[in-house]
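Scroll down for the structure; my scribbles are underneath it.
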Amino acid sequence: MAADTNIFAHIGVWLNREDLLSRKPGQLEYIFDQMAAMGVTHVYPELYFRGGAAYPSGVAPEHGEFRSRRILLDKNQRPEDIVSELLRLARERNIQVHPWVWVFCAGYWHTYGPILECHPEWAELDQDRHPFSNWRYGTAWLCPVLPAVREYLLAVLAELVTRWPVDGVHLDYIRYNEEEAGSFGFHPASLAQFREDTGMSEPGHGGRDADDQERRAAWTAWRAGNVTRFLTEAVRRLRALRPGIRISAAVVPDPDLAYRNACQEWARWAEEGLLDHVLPMAYRTNLAELRAVLTVLRERLAGRGRGSAGAALYPGLAVWVSPEEIVRQVEIVRELGFEGVTLFSTLNLTPAHYTALRAVLR
């Protein structure tokens with residue numbers, strides 16, 4: 001993975017919906033000017049989140065936060081189409097636009113997002129048959145085995161790449177909920193499909209068909225397969241609709257933990273070319289921990305990068321640290337030979353951060 005140059009091939013920034021929602025005149029122009037000054041190549045605007053769209057959609061329900069903004073803004077101040085406005089700002093500065101899409105997560109803070117409000121029967125359930133994860137974020141998830149869910153999500157993605165000339169699509173929450181916050185997959189349709197596919201009952205239930213360890217391994221593999229099958233179909237459709245479209249995903253950085261804890265087999269996706277690049281969410285505020293995470297990632301997935309087979313890896317960094325610390329984080333990414341970096345997110349970037357990043361990225 002060693003680089004021949006200190007110039008990153010990819011400098012990405014996640015653009016939070018809070019900044020898209022801002023009613024401050026000139027806010028988006030300011031952000032794009034700062035990104036251009038830093039040498040940003042890719043922006044990932046949060047355009048579909050918690051089961052709702054930030055844009056006029058013929059497929060997805062509009063998210064209430066954006067509906068409120070649209071109503072409150074003066075007509076002379078409000079862009080007719082936020083996606084087109086982002087594309088204009090980006091094209092003027094030679095930055096690619098890759099809409100950031102929440103895939104299976106469709107609720108937060110123990111509240112359903114718009115699509116689950118419309119279709120509560122689409123909610124996946126945990127082992128206690130509850131739709132929300134048992135931690136403070138209270139996430140809710142779509143059931144990936146339901147044909148209606150898959151077709152809906154495929155339609156959301158297809159609309160984004162055919163209605164606007166976006167450069168790519170960025171997939172977030174393309175996984176199950178973390179196991180320690182609730183084991184999901186207990187929707188009746190999921191249980192029936194698991195039994196049909198494997199001949200086993202789900203973990204936690206008696207049966208002489210397999211011991212519990214074997215059943216749990218099969219349960220994880222089966223759920224991971226649901227995610228991979230959806231991604232495979234999404235990639236096939238999107239590349240047929242828009243040859244050359246770039247597809248990326250935000251992933252749990254340790255591939256073993258991603259598989260074991262979130263049923264996300266992203267190392268396989270990268271190896272098989274389902275993704276064009278991968279953004280491992282290496283969010284650490286401790287520099288030693290960040291170096292350790294990225295060192296393991298580099299060693300275990302050596303060979304990924306510009307010009308090599310498989311998807312390139314561009315680590316995602318937490319920027320809710322001091323400007324001096326984010327500079328050091330970027331330097332660690334470069335020292336370890338990665339050919340790109342991604343910053344999470346505009347919400348945490350201050351003028352001092354922009355100034356410091358200009359110096360280290362250009």
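Scheme for the structure tokens: letters A, B, ... for chains in order shown; per-chain residue numbers from 1; ligand numbers from 1 in order shown.
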Test item: residues at most 6 Å from segment 170-177 of chain A, only C-alpha atoms, excluding those fewer than 5 positions along its chain, as number ranges by chain | A: 98-105, 248-250, 262-264
Report as CSV: every residue of segment 126-177 of chain A with an atom at most 12 Å from segment 201-204 of chain A, its closest pair of atoms, and their distance in Å to one decimal, counting only C-alpha atoms, with rows sorted by chain and ascending residue number.
```
residue,atom,partner,partner_atom,distance
A:Asp126,CA,A:Glu202,CA,11.9
A:Gln127,CA,A:Gly204,CA,8.7
A:Asp128,CA,A:Gly204,CA,11.0
```
Residues near Leu301 of chain A, cut-off 12 Å, only C-alpha atoms, skip fewer than 6 positions along chain, as an mmCIF file with C-alpha atoms, in the first residue's frame:
```cif
data_model
loop_
_atom_site.group_PDB
_atom_site.id
_atom_site.type_symbol
_atom_site.label_atom_id
_atom_site.label_comp_id
_atom_site.auth_asym_id
_atom_site.auth_seq_id
_atom_site.Cartn_x
_atom_site.Cartn_y
_atom_site.Cartn_z
ATOM 1 C CA MET A 1 0.000 0.000 0.000
ATOM 2 C CA PRO A 253 -12.647 -0.525 10.185
ATOM 3 C CA ASP A 254 -11.753 -3.995 11.489
ATOM 4 C CA PRO A 255 -13.110 -6.427 8.872
ATOM 5 C CA ASP A 256 -13.406 -9.306 11.369
ATOM 6 C CA TRP A 266 -16.721 -5.505 3.476
ATOM 7 C CA ALA A 267 -13.318 -7.080 2.868
ATOM 8 C CA ARG A 268 -15.067 -9.437 0.456
ATOM 9 C CA ALA A 270 -13.584 -4.736 -1.718
ATOM 10 C CA GLU A 271 -11.835 -7.814 -3.070
ATOM 11 C CA VAL A 278 -14.013 2.042 1.014
ATOM 12 C CA PRO A 280 -13.176 2.719 7.105
ATOM 13 C CA LEU A 294 -4.705 1.802 10.786
ATOM 14 C CA THR A 295 -1.583 -0.332 11.098
ATOM 15 C CA SER A 308 -4.111 -2.261 -7.402
ATOM 16 C CA ALA A 309 -6.888 -4.817 -7.622
ATOM 17 C CA GLY A 310 -9.919 -4.325 -5.442
ATOM 18 C CA ALA A 311 -11.248 -1.188 -3.816
ATOM 19 C CA ALA A 312 -8.994 1.582 -2.487
ATOM 20 C CA LEU A 313 -9.112 2.403 1.231
ATOM 21 C CA PHE A 338 -2.725 5.188 2.507
#
```
Val40 of chain A surroundings by only C-alpha atoms, 10 Å radius, close-in-sequence under 5 positions cut, as a compact mmCIF listing (two decimals) with C-alpha atoms, in the first residue's frame:
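As written to disk, out11.txt reads:
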```txt
# COMPACT_ATOMS: atom_id res chain seq x y z
CA PHE A 8 -3.33 12.12 -1.71
CA ALA A 9 -5.38 10.75 -4.60
CA HIS A 10 -8.54 11.24 -2.54
CA ILE A 11 -9.41 13.96 -0.02
CA GLY A 12 -13.00 13.48 1.06
CA VAL A 13 -15.36 15.26 3.45
CA PHE A 32 -17.30 24.64 -0.55
CA ASP A 33 -14.76 27.47 -0.76
CA GLN A 34 -12.97 26.07 2.29
CA MET A 35 -13.02 22.55 0.86
CA ARG A 93 -14.62 23.91 -7.68
CA ASN A 94 -13.76 20.62 -9.40
CA ILE A 95 -15.11 18.46 -6.56
CA GLN A 96 -16.98 15.19 -7.07
CA VAL A 341 -8.23 10.39 3.66
CA THR A 342 -11.82 11.31 4.55
CA LEU A 343 -12.89 13.80 7.22
CA ARG A 358 -4.93 23.48 4.15
CA LEU A 361 -3.33 18.46 2.70
CA ARG A 362 -2.07 20.73 -0.08
```
Counting only C-alpha atoms, give me one row per residue of segment 224-314 of chain A with an atom at most 10 Å from an atom of segment 147-158 of chain A, showing the shortest contact pair and its distance in Å to one decimal, sorted by chain then residue number, as CSV.
```
residue,atom,partner,partner_atom,distance
A:Phe230,CA,A:Arg150,CA,7.0
A:Leu231,CA,A:Leu154,CA,9.4
A:Glu233,CA,A:Leu154,CA,8.3
A:Ala234,CA,A:Leu154,CA,6.0
A:Val235,CA,A:Leu154,CA,9.5
A:Arg237,CA,A:Ala158,CA,7.6
A:Leu238,CA,A:Ala158,CA,6.3
A:Arg239,CA,A:Ala158,CA,9.8
A:Leu241,CA,A:Ala158,CA,7.6
A:Arg242,CA,A:Ala158,CA,9.2
```
So which bits of segment 67-265 of chain A end up alpha helix (DSSP H) when you DSSP the backbone, as a PyMOL selection string?
-> chain A and resi 67-72+82-91+114-118+147-163+188-198+212-241+255-262
Between atom CA of Leu86 of chain A and atom CA of Ala352 of chain A - distance in Å to one decimal =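 Between atom CA of Ala352 of chain A and atom CA of Leu86 of chain A the gap works out to 24.0 Å.
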Which polymer residues have any atom within 12 Å of an atom of Glu65 of chain A, counting only C-alpha atoms, with same-chain residues fewer than 4 positions away left out, as a list in words?
-> Arg17, Glu18, Asp19, Leu20, Leu21, Ser22, Leu47, Tyr48, Phe49, Arg50, Gly51, Gly52, Ala53, Ala54, Tyr55, Pro61, Arg69, Arg70, Ile71, Leu72, Gly113 and Pro114 of chain A
Output C-alpha atoms for every residue in that selection, as a PDB file, in the first residue's frame.
```pdb
ATOM      1  CA  ARG A  17     -27.372  17.498   6.924  1.00  0.00           C
ATOM      2  CA  GLU A  18     -27.049  20.179   9.638  1.00  0.00           C
ATOM      3  CA  ASP A  19     -25.030  22.230   7.163  1.00  0.00           C
ATOM      4  CA  LEU A  20     -27.491  21.473   4.378  1.00  0.00           C
ATOM      5  CA  LEU A  21     -30.261  22.656   6.701  1.00  0.00           C
ATOM      6  CA  SER A  22     -28.511  25.903   7.589  1.00  0.00           C
ATOM      7  CA  LEU A  47     -29.007  13.526   1.288  1.00  0.00           C
ATOM      8  CA  TYR A  48     -30.970  10.452   2.391  1.00  0.00           C
ATOM      9  CA  PHE A  49     -31.008   9.704   6.104  1.00  0.00           C
ATOM     10  CA  ARG A  50     -33.181   7.947   8.689  1.00  0.00           C
ATOM     11  CA  GLY A  51     -35.528   6.869   5.921  1.00  0.00           C
ATOM     12  CA  GLY A  52     -36.220  10.279   4.393  1.00  0.00           C
ATOM     13  CA  ALA A  53     -34.978  12.387   1.490  1.00  0.00           C
ATOM     14  CA  ALA A  54     -33.522  15.878   1.526  1.00  0.00           C
ATOM     15  CA  TYR A  55     -34.519  16.411  -2.101  1.00  0.00           C
ATOM     16  CA  PRO A  61     -40.762  10.455   1.571  1.00  0.00           C
ATOM     17  CA  ARG A  69     -36.443  24.294   6.145  1.00  0.00           C
ATOM     18  CA  ARG A  70     -38.179  24.508   2.780  1.00  0.00           C
ATOM     19  CA  ILE A  71     -41.237  26.113   4.361  1.00  0.00           C
ATOM     20  CA  LEU A  72     -39.226  28.565   6.468  1.00  0.00           C
ATOM     21  CA  GLY A 113     -37.963   7.894  10.263  1.00  0.00           C
ATOM     22  CA  PRO A 114     -40.386   8.728   7.435  1.00  0.00           C
TER      23      PRO A 114
END
```
Which neighbours of Ile31 of chain A fall inside 10 Å, counting only C-alpha atoms, when residues of the same chain fewer than 2 positions from it are skipped, and could you give them as a compact mmCIF listing (two decimals) with C-alpha atoms, in the first residue's frame?
```txt
# COMPACT_ATOMS: atom_id res chain seq x y z
CA LEU A 15 -21.16 17.04 4.51
CA ASP A 19 -25.03 22.23 7.16
CA GLY A 26 -23.85 31.84 2.04
CA GLN A 27 -23.15 28.91 4.40
CA LEU A 28 -22.81 26.26 1.69
CA GLU A 29 -20.72 28.54 -0.52
CA ASP A 33 -14.76 27.47 -0.76
CA GLN A 34 -12.97 26.07 2.29
CA MET A 35 -13.02 22.55 0.86
CA ALA A 36 -11.61 23.75 -2.43
CA ALA A 37 -8.83 25.58 -0.59
CA LEU A 89 -21.15 24.42 -6.14
CA THR A 346 -18.18 19.53 8.11
CA LEU A 349 -14.73 21.89 11.08
CA TYR A 354 -9.69 24.64 7.78
```
